[in-house]
file target.txt (compact mmCIF, C-alpha atoms)
# COMPACT_ATOMS: atom_id res chain seq x y z
CA MET A 851 224.04 93.79 42.93
CA SER A 852 227.31 95.80 42.78
CA ALA A 853 227.14 99.50 43.50
CA PRO A 854 229.07 101.91 41.31
CA SER A 855 232.54 102.74 42.70
CA GLU A 856 231.58 106.22 44.00
CA ASP A 857 228.63 104.63 45.89
CA ARG A 858 231.08 102.05 47.20
CA GLU A 859 233.44 104.75 48.51
CA LEU A 860 230.54 106.60 50.10
CA LEU A 861 229.26 103.38 51.68
CA ILE A 862 232.68 102.45 53.09
CA GLY A 863 233.12 105.97 54.48
CA ALA A 864 229.67 105.96 56.07
CA LEU A 865 230.20 102.49 57.59
CA ARG A 866 233.59 103.56 59.02
CA ALA A 867 232.00 106.65 60.55
CA TRP A 868 229.21 104.49 62.03
CA LEU A 869 231.72 102.00 63.45
CA GLU A 870 233.79 104.79 65.01
CA ARG A 871 230.67 106.25 66.54
CA LEU A 872 229.63 102.85 67.93
CA GLU A 873 233.11 102.26 69.38
CA SER A 874 233.08 105.65 71.03
CA GLY A 875 229.74 104.78 72.68
CA GLY A 876 227.49 106.88 70.45
CA SER A 877 223.94 106.07 69.22
CA ILE A 878 223.42 102.62 67.65
CA ASP A 879 221.08 104.07 64.98
CA ALA A 880 222.51 104.19 61.46
CA PRO A 881 223.83 107.65 60.68
CA PRO A 882 221.58 109.62 58.24
CA ALA A 883 224.17 109.44 55.42
CA LEU A 884 224.27 105.62 55.62
CA ALA A 885 220.49 105.26 55.85
CA GLU A 886 220.16 107.35 52.72
CA LEU A 887 222.70 105.21 50.88
CA LEU A 888 220.97 101.96 51.85
CA GLN A 889 217.63 103.35 50.75
CA MET A 890 219.14 104.15 47.33
CA GLN A 891 220.33 100.54 47.01
CA ASP A 892 216.83 99.33 47.92
CA HIS A 893 215.31 101.57 45.33
CA ALA A 894 217.60 100.24 42.61
CA PHE A 895 216.60 96.70 43.52
CA TYR A 896 212.89 97.44 43.50
CA ARG A 897 213.25 99.35 40.26
CA GLN A 898 214.78 96.27 38.66
CA VAL A 899 212.05 93.98 40.02
CA ALA A 900 209.41 96.40 38.77
CA GLU A 901 211.05 96.50 35.35
CA LEU A 902 211.17 92.70 35.13
CA THR A 903 207.53 92.45 36.21
CA ARG A 904 206.50 94.99 33.59
CA ARG A 905 208.40 93.11 30.87
CA LEU A 906 206.90 89.79 31.93
CA HIS A 907 203.45 91.33 31.91
CA THR A 908 204.01 92.80 28.45
CA ALA A 909 205.30 89.47 27.21
CA VAL A 910 202.23 87.64 28.53
CA VAL A 911 199.89 90.24 27.03
CA GLU A 912 201.71 90.10 23.69
CA LEU A 913 201.67 86.32 23.75
CA ARG A 914 197.92 86.26 24.34
CA LEU A 915 197.25 88.62 21.53
CA ASP A 916 199.88 87.27 19.18
CA GLU A 917 198.12 86.72 15.90
CA ARG A 918 200.54 84.03 14.85
CA LEU A 919 199.64 81.98 17.89
CA SER A 920 195.94 82.50 17.25
CA ARG A 921 196.41 81.47 13.65
CA LEU A 922 198.34 78.40 14.69
CA ALA A 923 195.71 77.30 17.20
CA GLY A 924 192.75 78.48 15.17
CA ASP A 925 193.65 77.50 11.61
CA ALA A 926 197.00 75.79 11.06
CA ILE A 927 196.56 72.94 13.54
CA PRO A 928 192.96 72.07 12.61
CA ASP A 929 194.19 72.17 9.01
CA ALA A 930 197.05 69.74 9.78
CA ARG A 931 194.58 67.54 11.60
CA SER A 932 192.14 67.41 8.70
CA ARG A 933 194.99 66.69 6.26
CA LEU A 934 196.06 63.72 8.36
CA HIS A 935 192.47 62.47 8.57
CA HIS A 936 192.33 62.83 4.82
CA VAL A 937 195.45 60.66 4.40
CA VAL A 938 193.84 57.95 6.55
CA HIS A 939 190.64 58.10 4.47
CA MET A 940 192.55 58.07 1.18
CA THR A 941 194.63 55.02 2.08
CA GLU A 942 191.50 53.33 3.43
CA ALA A 943 189.65 53.96 0.17
CA ALA A 944 192.66 52.75 -1.86
CA ALA A 945 192.96 49.58 0.21
CA HIS A 946 189.25 48.84 -0.20
CA ARG A 947 189.49 49.45 -3.95
CA THR A 948 192.35 46.93 -4.11
CA LEU A 949 190.35 44.45 -2.07
CA ASP A 950 187.35 44.93 -4.41
CA LEU A 951 189.57 44.15 -7.42
CA VAL A 952 191.01 41.12 -5.63
CA ASP A 953 187.47 39.84 -5.03
CA GLN A 954 186.65 40.26 -8.74
CA MET A 955 189.84 38.50 -9.83
CA ARG A 956 189.10 35.66 -7.43
CA GLY A 957 185.90 35.16 -9.39
CA ILE A 958 187.92 35.00 -12.61
CA ALA A 959 190.34 32.50 -11.07
CA ALA A 960 187.41 30.32 -10.03
CA HIS A 961 186.05 30.54 -13.57
CA ILE A 962 189.41 29.42 -15.03
CA ALA A 963 189.44 26.47 -12.63
CA GLN A 964 185.91 25.49 -13.77
CA GLY A 965 187.02 25.71 -17.43
CA ALA A 966 190.02 23.52 -16.68
CA ALA A 967 187.78 20.93 -15.03
CA ALA A 968 185.56 20.90 -18.14
CA LEU A 969 188.63 20.43 -20.37
CA GLN A 970 189.76 17.50 -18.24
CA ASP A 971 186.42 15.78 -18.90
CA GLN A 972 187.05 16.19 -22.65
CA GLY A 973 190.34 14.34 -22.44
CA THR A 974 192.80 17.24 -22.74
CA ALA A 975 194.38 16.42 -19.40
CA PRO A 976 197.82 18.14 -19.70
CA LEU A 977 196.27 21.48 -20.74
CA ALA A 978 193.67 21.12 -18.03
CA ALA A 979 196.32 20.44 -15.39
CA ALA A 980 198.32 23.47 -16.51
CA LEU A 981 195.24 25.69 -16.29
CA GLN A 982 194.39 24.31 -12.86
CA ALA A 983 197.91 25.11 -11.66
CA ASP A 984 197.62 28.65 -13.04
CA ALA A 985 194.28 29.20 -11.36
CA GLN A 986 195.73 27.92 -8.09
CA ALA A 987 198.77 30.20 -8.37
CA LEU A 988 196.53 33.14 -9.23
CA ARG A 989 194.42 32.53 -6.14
CA GLY A 990 197.50 32.35 -3.97
CA LYS A 991 198.90 35.64 -5.30
CA LEU A 992 195.53 37.35 -4.92
CA SER A 993 195.40 36.26 -1.32
CA GLU A 994 198.87 37.76 -0.76
CA LEU A 995 197.79 40.95 -2.51
CA ALA A 996 194.77 41.24 -0.21
CA THR A 997 196.86 40.61 2.89
CA ALA A 998 199.40 43.24 1.82
CA GLN A 999 196.64 45.85 2.28
CA GLU A 1000 197.15 45.56 6.04
CA TYR A 1001 199.61 48.43 5.65
CA GLN A 1002 196.52 50.67 5.74
CA ASP A 1003 195.70 49.59 9.29
CA LEU A 1004 199.30 49.99 10.46
CA THR A 1005 200.03 53.37 8.82
CA GLY A 1006 196.56 54.51 9.85
CA GLN A 1007 197.27 53.68 13.49
CA ILE A 1008 200.51 55.68 13.36
CA ILE A 1009 198.82 58.67 11.75
CA LYS A 1010 195.96 58.56 14.26
CA ARG A 1011 198.54 58.85 17.04
CA ILE A 1012 199.99 61.93 15.38
CA ILE A 1013 196.48 63.38 15.08
CA THR A 1014 196.07 62.91 18.84
CA LEU A 1015 199.39 64.64 19.45
CA VAL A 1016 198.38 67.54 17.21
CA GLU A 1017 195.10 67.80 19.08
CA ASP A 1018 196.96 67.94 22.39
CA VAL A 1019 199.20 70.74 21.13
CA GLU A 1020 196.14 72.54 19.85
CA ALA A 1021 194.36 72.23 23.21
CA ALA A 1022 197.48 73.47 25.05
CA LEU A 1023 197.76 76.49 22.74
CA LEU A 1024 194.10 77.32 23.14
CA GLU A 1025 194.47 77.12 26.90
CA LEU A 1026 197.45 79.47 26.66
CA LEU A 1027 195.45 81.86 24.55
CA GLY A 1028 192.89 81.85 27.36
CA ALA A 1029 190.04 84.28 27.03
CA HIS A 1030 191.22 85.21 23.56
CA ALA A 1031 190.34 81.71 22.33
CA GLY A 1032 186.65 82.64 22.48
CA ALA A 1033 187.17 85.04 19.61
CA LEU A 1034 188.74 82.39 17.33
CA LYS A 1035 186.72 81.28 14.34
CA THR A 1036 187.22 77.54 14.78
CA PRO A 1037 186.71 76.29 18.30
CA ALA A 1038 188.70 73.08 18.79
CA PRO A 1039 187.20 69.92 20.25
CA MET A 1040 188.75 68.45 23.37
CA PRO A 1041 191.62 66.05 22.71
CA ILE A 1042 191.00 62.31 22.88
CA PRO A 1043 191.57 61.15 26.47
CA GLU A 1044 195.05 59.88 27.22
CA THR A 1045 194.02 56.40 28.47
CA LYS A 1046 195.05 54.39 25.41
CA ALA A 1047 198.29 56.27 24.70
CA ALA A 1048 200.07 53.88 27.05
CA LEU A 1049 200.20 51.33 24.23
CA ALA A 1050 203.26 51.42 22.00
CA GLY A 1051 201.38 50.91 18.73
CA PRO A 1052 202.81 49.63 15.46
CA ALA A 1053 206.58 49.14 15.35
CA LEU A 1054 208.58 52.07 13.96
CA PRO A 1055 211.99 52.01 12.25
CA GLY A 1056 214.84 51.68 14.73
CA GLN A 1057 212.52 50.54 17.49
CA GLU A 1058 213.25 47.36 19.38
CA THR A 1059 210.20 45.15 19.10
CA THR A 1060 209.21 41.55 19.46
CA SER A 1061 209.05 39.37 16.35
CA GLN A 1062 206.35 36.73 15.93
CA GLN A 1063 208.98 34.09 16.77
CA ASP A 1064 209.97 35.91 19.98
CA ALA A 1065 206.30 36.30 20.83
CA ASP A 1066 205.70 32.58 20.24
CA ALA A 1067 208.60 31.68 22.53
CA LEU A 1068 207.39 34.08 25.21
CA LEU A 1069 203.83 32.76 24.99
CA ALA A 1070 205.05 29.15 25.15
CA SER A 1071 206.99 30.00 28.32
CA LEU A 1072 203.73 31.37 29.75
CA GLY A 1073 201.83 28.23 28.81
CA VAL A 1074 199.83 29.71 25.90
CA MET B 586 188.15 21.60 12.82
CA ASP B 587 184.58 22.70 12.20
CA LYS B 588 184.55 24.96 9.15
CA ASN B 589 181.04 26.07 10.08
CA MET B 590 182.08 27.53 13.40
CA LYS B 591 180.89 31.09 14.09
CA ILE B 592 183.75 33.57 14.19
CA LEU B 593 183.63 37.18 15.44
CA VAL B 594 186.28 39.49 13.95
CA VAL B 595 186.83 42.68 16.02
CA ASP B 596 188.96 45.52 14.61
CA ASP B 597 188.39 49.28 14.31
CA PHE B 598 189.96 49.35 10.82
CA SER B 599 187.49 48.14 8.17
CA THR B 600 190.42 47.22 5.89
CA MET B 601 191.83 44.84 8.48
CA ARG B 602 188.42 43.27 9.19
CA ARG B 603 188.06 42.60 5.48
CA ILE B 604 191.57 41.12 5.20
CA VAL B 605 191.01 38.81 8.17
CA ARG B 606 187.62 37.81 6.75
CA ASN B 607 189.29 37.09 3.38
CA LEU B 608 192.02 34.98 4.97
CA LEU B 609 189.49 33.07 7.08
CA GLY B 610 187.46 32.56 3.90
CA ASP B 611 190.53 31.08 2.19
CA LEU B 612 190.86 28.69 5.12
CA GLY B 613 187.28 27.57 4.54
CA TYR B 614 185.48 29.53 7.25
CA SER B 615 182.38 31.36 6.09
CA GLN B 616 180.38 32.12 9.25
CA ILE B 617 182.08 35.40 10.01
CA THR B 618 180.63 38.42 11.79
CA GLU B 619 182.43 41.77 12.21
CA ALA B 620 182.50 44.35 15.02
CA ASP B 621 184.48 47.59 15.12
CA ASP B 622 185.42 47.57 18.81
CA GLY B 623 184.84 45.75 22.10
CA LYS B 624 181.71 47.73 22.85
CA THR B 625 179.93 46.61 19.69
CA ALA B 626 181.38 43.09 19.99
CA TRP B 627 180.05 42.53 23.51
CA PRO B 628 176.27 42.48 22.77
CA LEU B 629 176.96 40.30 19.69
CA LEU B 630 178.88 37.86 21.87
CA GLN B 631 176.08 37.85 24.42
CA ALA B 632 173.39 37.29 21.79
CA GLY B 633 175.04 34.87 19.37
CA SER B 634 176.86 31.67 20.19
CA PHE B 635 180.31 32.44 18.78
CA ASP B 636 182.88 29.65 18.70
CA PHE B 637 185.92 31.82 18.17
CA VAL B 638 186.93 35.50 18.55
CA VAL B 639 189.69 37.23 16.57
CA THR B 640 190.35 40.68 18.05
CA ASP B 641 192.64 43.67 17.66
CA TRP B 642 194.00 45.27 20.85
CA ASN B 643 194.08 49.03 20.36
CA MET B 644 190.54 50.19 19.59
CA PRO B 645 188.49 53.18 20.72
CA GLY B 646 185.59 52.56 23.08
CA MET B 647 186.57 49.16 24.44
CA THR B 648 189.99 47.66 23.72
CA GLY B 649 190.72 44.06 22.84
CA ILE B 650 192.31 43.32 26.20
CA GLU B 651 189.22 44.71 27.97
CA LEU B 652 187.04 42.54 25.73
CA LEU B 653 189.19 39.49 26.51
CA ARG B 654 188.88 40.13 30.26
CA ALA B 655 185.11 40.64 29.94
CA ILE B 656 184.80 37.33 28.05
CA ARG B 657 186.89 35.44 30.63
CA ALA B 658 184.86 36.96 33.49
CA ASP B 659 181.56 35.83 31.95
CA ALA B 660 180.26 32.47 33.14
CA ARG B 661 178.44 31.67 29.91
CA ILE B 662 180.99 32.63 27.23
CA GLY B 663 184.11 32.55 29.42
CA LYS B 664 185.70 29.64 27.58
CA THR B 665 185.43 31.09 24.06
CA PRO B 666 188.89 30.91 22.43
CA VAL B 667 190.32 34.35 21.69
CA LEU B 668 193.06 35.11 19.16
CA MET B 669 194.65 38.55 19.47
CA VAL B 670 195.84 40.06 16.17
CA THR B 671 197.57 43.33 17.01
CA ALA B 672 200.33 45.77 16.15
CA GLU B 673 201.31 45.83 19.84
CA ALA B 674 204.65 44.03 19.86
CA GLN B 675 205.93 44.91 23.33
CA ARG B 676 206.91 42.09 25.68
CA ASP B 677 204.77 43.55 28.47
CA GLN B 678 201.71 43.55 26.24
CA ILE B 679 202.19 39.92 25.23
CA ILE B 680 202.58 38.91 28.87
CA GLU B 681 199.50 40.96 29.82
CA ALA B 682 197.45 39.22 27.13
CA ALA B 683 198.71 35.78 28.22
CA GLN B 684 197.81 36.53 31.83
CA ALA B 685 194.36 37.72 30.75
CA GLY B 686 193.84 34.30 29.16
CA VAL B 687 194.49 34.83 25.45
CA ASN B 688 194.69 31.64 23.34
CA GLY B 689 196.95 33.01 20.62
CA TYR B 690 198.79 36.21 19.75
CA ILE B 691 199.67 37.41 16.25
CA ILE B 692 201.75 40.53 15.61
CA LYS B 693 200.76 42.70 12.65
CA PRO B 694 201.86 42.69 9.89
CA PHE B 695 201.17 38.98 9.54
CA ASN B 696 200.38 36.52 6.75
CA ALA B 697 197.98 33.71 5.93
CA VAL B 698 200.43 31.02 7.04
CA THR B 699 200.76 32.52 10.55
CA LEU B 700 197.00 32.88 10.88
CA LYS B 701 196.42 29.24 9.87
CA GLU B 702 199.17 28.02 12.21
CA LYS B 703 197.75 29.86 15.23
CA ILE B 704 194.16 28.80 14.58
CA ASP B 705 195.24 25.16 14.12
CA LYS B 706 197.25 25.31 17.33
CA ILE B 707 194.40 26.84 19.34
CA PHE B 708 191.90 24.19 18.29
CA GLN B 709 194.41 21.37 18.59
CA ARG B 710 194.97 22.41 22.23
CA ILE B 711 191.26 22.68 22.90
CA GLY B 712 190.84 19.22 21.39
CA GLU B 713 193.56 17.83 23.68
CA THR B 714 192.12 19.29 26.88
CA ALA B 715 188.47 18.50 26.01

call {"tool": "encode", "arguments": {"input": "target.txt", "output": "structure tokens"}}
result
Amino acid sequence: MSAPSEDRELLIGALRAWLERLESGGSIDAPPALAELLQMQDHAFYRQVAELTRRLHTAVVELRLDERLSRLAGDAIPDARSRLHHVVHMTEAAAHRTLDLVDQMRGIAAHIAQGAAALQDQGTAPLAAALQADAQALRGKLSELATAQEYQDLTGQIIKRIITLVEDVEAALLELLGAHAGALKTPAPMPIPETKAALAGPALPGQETTSQQDADALLASLGV
Amino acid sequence: MDKNMKILVVDDFSTMRRIVRNLLGDLGYSQITEADDGKTAWPLLQAGSFDFVVTDWNMPGMTGIELLRAIRADARIGKTPVLMVTAEAQRDQIIEAAQAGVNGYIIKPFNAVTLKEKIDKIFQRIGETA
């Protein structure tokens, strides 16, 4: 803390006077002029501390009552959470719909194969063979189509992680809002416990992960 | 390999359970039961004599690795072959599963060929050691 120049001059003068008095064997107590100066410096310091404390207090009070924060914790985050849940449900429903259609088409493929077998009995072997091959190919493609629906599991896992993160942020905000949280319309549930977050989850772009081949090699080295 | 063997498929995503069931069906297996996590799988394993378990890792309630450890620690069903089918592709996870006694490990996304390969390998090994 630097004193203004006039205070500085006064302080130097007072210190000199005190030093002279000490050297000449006078009282060791600070001269009244110096004591007064030091007290002024103290006051300035305490005033600044008091001002900072007041501002901090105001900031905390404003933060607690900040409507934006309440809205974020009370409405926006639960809304984001429910939208993400909705995405998971939508993709799940779409994947099941696809799997239903695959099941139906498998039935059709089986029917074609039966028809081809009947044709073979009637002596139209080349046509029958062609139909059999088509039915076989159809079944193979349908199987691939069904397997491709595994994206729903993988994207769902990633979204569920984000939901957990959003819930954590929500819980932290509500904690920050403290007593004010009681007045919010939508009380938030506690976040899912952290225990399973240690797992890395599905691979993300740019992430270094193990391929099935790497995994096979690693497992072989471990005797599996 | 016995196509009538009883298989338990454990995954918290119904889509994935259905896909695995479909693929197993294509391979000729029809005795398939589903469970949505380790906790629901455990009483099923205790009650029914399953020959093979296909499980995910990351599930709420009881994870696949916890289920694997529980199976291995159980005198009666301890030898049941377990195939892990999971999105967890970290080296540490694979090692952890191997040390817990997993019989095979498939990283999602996977395909029918990989599933067949791993199942064949598991039962070929069991046949060799039996």

call {"tool": "closest_atom_pairs", "arguments": {"input": "target.txt", "of": "chain B", "to": "chain A", "cutoff": "7 Å", "atoms": "all atoms listed in the file", "output": "tab-separated table"}}
result
residue	atom	partner	partner_atom	distance
B:Phe598	CA	A:Asp1003	CA	5.9
B:Thr600	CA	A:His946	CA	6.4
B:Met601	CA	A:Glu1000	CA	5.9
B:Ile604	CA	A:Thr997	CA	5.8
B:Ala672	CA	A:Pro1052	CA	4.6
B:Glu673	CA	A:Gly1051	CA	5.2
B:Ala674	CA	A:Thr1060	CA	5.2
B:Gln675	CA	A:Thr1059	CA	6.0
B:Arg676	CA	A:Thr1060	CA	6.7
B:Ala683	CA	A:Val1074	CA	6.6
B:Asn688	CA	A:Val1074	CA	6.1
B:Gly689	CA	A:Val1074	CA	6.9
B:Ile691	CA	A:Gln1062	CA	6.7
B:Ile692	CA	A:Gln1062	CA	6.0
B:Pro694	CA	A:Glu1000	CA	6.7
B:Asn696	CA	A:Thr997	CA	6.6

call {"tool": "atom_distance", "arguments": {"input": "target.txt", "atom1": "atom CA of Asn643 of chain B", "atom2": "atom CA of Ile704 of chain B"}}
result
21.0 Å

call {"tool": "residues_near_point", "arguments": {"input": "target.txt", "point": "(182.1, 54.6, 20.0)", "cutoff": "12 Å", "atoms": "all atoms listed in the file", "output": "VMD selection string"}}
result
chain B and resid 597 620 to 626 644 to 648

call {"tool": "atom_distance", "arguments": {"input": "target.txt", "atom1": "atom CA of Leu988 of chain A", "atom2": "atom CA of Ala966 of chain A"}}
result
13.8 Å

call {"tool": "atom_distance", "arguments": {"input": "target.txt", "atom1": "atom CA of Glu651 of chain B", "atom2": "atom CA of Leu629 of chain B"}}
result
15.4 Å

call {"tool": "closest_residue", "arguments": {"input": "target.txt", "among": "A:Lys991, A:Glu1020, A:His961, A:Leu1054", "to": "Ser920 of chain A", "atoms": "all atoms listed in the file"}}
result
A:Glu1020

call {"tool": "closest_residue", "arguments": {"input": "target.txt", "among": "B:Thr714, B:Trp627, B:Phe708, B:Lys693", "to": "Met590 of chain B", "atoms": "all atoms listed in the file"}}
result
B:Phe708

call {"tool": "residues_around", "arguments": {"input": "target.txt", "residues": "segment 638-640 of chain B", "least_positions_apart": "4", "cutoff": "6 Å", "atoms": "only C-alpha atoms", "output": "mmCIF file with C-alpha atoms, keeping the file's coordinate frame"}}
result
data_model
loop_
_atom_site.group_PDB
_atom_site.id
_atom_site.type_symbol
_atom_site.label_atom_id
_atom_site.label_comp_id
_atom_site.auth_asym_id
_atom_site.auth_seq_id
_atom_site.Cartn_x
_atom_site.Cartn_y
_atom_site.Cartn_z
ATOM 1 C CA ILE B 592 183.750 33.570 14.190
ATOM 2 C CA LEU B 593 183.630 37.180 15.440
ATOM 3 C CA VAL B 594 186.280 39.490 13.950
ATOM 4 C CA VAL B 595 186.830 42.680 16.020
ATOM 5 C CA GLY B 649 190.720 44.060 22.840
ATOM 6 C CA VAL B 667 190.320 34.350 21.690
ATOM 7 C CA LEU B 668 193.060 35.110 19.160
ATOM 8 C CA MET B 669 194.650 38.550 19.470
ATOM 9 C CA VAL B 670 195.840 40.060 16.170
#

call {"tool": "residues_around", "arguments": {"input": "target.txt", "residues": "segment 634-636 of chain B", "least_positions_apart": "3", "cutoff": "10 Å", "atoms": "all atoms listed in the file", "output": "number ranges by chain"}}
result
B: 587, 589-593, 616-618, 629-631, 661-662, 664-667
